[in-house]
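Visitor: Could you have a look at this structure, given as structure tokens, before my questions?
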Amino acid sequence: MSISDLFDSGFQKRNQDHFAAIVRVAMSDGVITDEEKAFLDRLARRLNITEEHYKEILKTYDSHPINPPTSYEKRLDRLYDLARMVYADNIKGDEQVILLEKLSIGLGFKSENVKYVVDKALSLVDEEVDGDTFAEEIKNMNR
């Protein structure tokens, strides 16, 4: 196995774990709505998740670890994806918010201010900001 094969498989595994975390948020209410399914389909394409892995992750989403990215930028990208999933069906349920808080801690956000970060993230997604604006706003919270 070459070094590039190791890198590719590690990269794919991280993408699959990230995708599984988002499926976990979608499944927190027990149902994946049509809007959530459309979001998952787009995200799977963006993360290069194969159809085979997609189906497997839907069955085993809760067995995948939350692997936090090493860069703050990537953490913000993942938080943005997760927050958008919470709003995908236009219902911000308590269970989904609690799960988003737990996943955010797993992504590396500090537990003492995760509620504030999640509230801000959900507010920004509700305002339909793009990913760049989202990242900038979250960064500005910590200044």
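Going through the structure tokens in order, the chains are called A, B, and so on, while each chain numbers its residues from 1 and the ligands are numbered from 1 in the order shown.
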Which polymer residues have any atom within 10 Å of an atom of Arg84 (chain A), counting only C-alpha atoms, with same-chain residues fewer than 6 positions away left out, as a PyMOL selection string?

Guide: chain A and resi 22+36+39+78+90+121-122+124-126+128

Visitor: Find the residue from A:Lys55, A:Lys139, A:Arg14, A:Lys110 that sits nearest to Thr70 (chain A); use only C-alpha atoms when measuring.

Guide: A:Arg14

Visitor: Neighbours of Leu100 (chain A) within 12 Å (only C-alpha atoms; same-chain residues fewer than 4 positions away dropped), as a ChimeraX atom specification?

Guide: /A:21-28,66,78-87,92-96,104-107,109,114-119,121-122

Visitor: Store the residues picked out above, limited to C-alpha atoms, as a CSV table (one decimal), in the first residue's frame.

Guide:
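Result saved to selection.csv:
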chain,number,residue,atom,x,y,z
A,21,ALA,CA,-22.4,12.5,12.7
A,22,ILE,CA,-24.7,14.5,10.5
A,23,VAL,CA,-26.9,11.4,9.9
A,24,ARG,CA,-27.0,11.1,13.7
A,25,VAL,CA,-28.4,14.7,14.0
A,26,ALA,CA,-30.9,13.9,11.2
A,27,MET,CA,-32.0,10.7,13.0
A,28,SER,CA,-32.3,12.3,16.4
A,66,ILE,CA,-16.7,11.8,16.0
A,78,ARG,CA,-18.5,20.8,10.2
A,79,LEU,CA,-20.4,22.9,12.7
A,80,TYR,CA,-22.0,24.7,9.8
A,81,ASP,CA,-23.1,21.4,8.2
A,82,LEU,CA,-24.4,20.1,11.5
A,83,ALA,CA,-26.3,23.3,12.3
A,84,ARG,CA,-27.9,23.3,8.8
A,85,MET,CA,-29.0,19.7,9.4
A,86,VAL,CA,-30.8,20.8,12.6
A,87,TYR,CA,-32.7,23.4,10.5
A,92,LYS,CA,-35.2,23.0,16.1
A,93,GLY,CA,-36.2,20.4,18.6
A,94,ASP,CA,-34.6,20.2,22.1
A,95,GLU,CA,-33.2,16.7,21.3
A,96,GLN,CA,-31.5,18.0,18.2
A,104,SER,CA,-19.9,20.3,19.0
A,105,ILE,CA,-17.9,19.3,22.1
A,106,GLY,CA,-16.8,16.3,20.1
A,107,LEU,CA,-15.6,18.6,17.4
A,109,PHE,CA,-15.5,23.4,21.0
A,114,VAL,CA,-20.8,25.3,23.6
A,115,LYS,CA,-24.4,26.5,24.4
A,116,TYR,CA,-23.5,30.0,23.2
A,117,VAL,CA,-21.7,28.7,20.1
A,118,VAL,CA,-24.6,26.4,19.2
A,119,ASP,CA,-27.2,29.2,19.8
A,121,ALA,CA,-24.6,28.8,14.9
A,122,LEU,CA,-28.4,28.0,14.8

Visitor: Find the spatial neighbours of Leu43 (chain A), counting only C-alpha atoms, within a cut-off of 10 Å - ignore same-chain residues fewer than 5 positions away - and output them as a VMD selection string.

Guide: chain A and resid 15 19 22 37 to 38 48 to 49 81

Visitor: Please produce a file of the residues just selected, as a short mmCIF file (atom, residue, chain, number, x, y, z; two decimals), in the first residue's frame, where the atoms kept are N, CA, C and O atoms.

Guide:
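See out.cif below for the written result:
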data_model
loop_
_atom_site.label_atom_id
_atom_site.label_comp_id
_atom_site.auth_asym_id
_atom_site.auth_seq_id
_atom_site.Cartn_x
_atom_site.Cartn_y
_atom_site.Cartn_z
N ASN A 15 -14.26 11.62 6.33
CA ASN A 15 -15.48 12.10 5.67
C ASN A 15 -16.68 11.22 6.04
O ASN A 15 -17.77 11.73 6.29
N PHE A 19 -19.94 12.46 7.99
CA PHE A 19 -21.25 12.21 7.42
C PHE A 19 -22.13 11.45 8.42
O PHE A 19 -23.31 11.79 8.61
N ILE A 22 -23.59 13.72 10.98
CA ILE A 22 -24.71 14.50 10.46
C ILE A 22 -25.96 13.61 10.35
O ILE A 22 -27.07 14.05 10.67
N LYS A 37 -33.09 14.38 3.64
CA LYS A 37 -32.55 13.41 2.67
C LYS A 37 -31.86 14.14 1.53
O LYS A 37 -30.76 13.74 1.11
N ALA A 38 -32.47 15.20 1.03
CA ALA A 38 -31.86 15.97 -0.05
C ALA A 38 -30.53 16.58 0.41
O ALA A 38 -29.54 16.58 -0.33
N ASN A 48 -17.66 12.86 -1.15
CA ASN A 48 -17.26 11.67 -1.93
C ASN A 48 -17.63 10.37 -1.22
O ASN A 48 -16.85 9.42 -1.19
N ILE A 49 -18.82 10.33 -0.66
CA ILE A 49 -19.34 9.13 -0.02
C ILE A 49 -20.00 8.28 -1.11
O ILE A 49 -20.90 8.75 -1.80
N ASP A 81 -22.30 22.52 8.76
CA ASP A 81 -23.07 21.40 8.20
C ASP A 81 -24.05 20.84 9.22
O ASP A 81 -25.22 20.59 8.90
#

Visitor: Determine, counting only C-alpha atoms, which protein, DNA and RNA residues have an atom within 9 Å of an atom of Ser63 (chain A); residues of the same chain fewer than 3 positions away are not included. Present the result as an MDAnalysis selection string.

Guide: chainID A and resid 20 57 60

Visitor: Determine, counting only C-alpha atoms, which protein, DNA and RNA residues have an atom within 9 Å of an atom of Leu76 (chain A); residues of the same chain fewer than 6 positions away are not included. Present the result as a list in words.

Guide: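 Using only C-alpha atoms, the neighbours found are Gly131, Phe134, Ala135, Ile138 and Lys139 of chain A.
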
Visitor: May I ask which of the residues A:Val97, A:Asn113, A:Gly108, A:Glu56 is the closest one to Ser71 (chain A), counting only C-alpha atoms?

Guide: A:Gly108
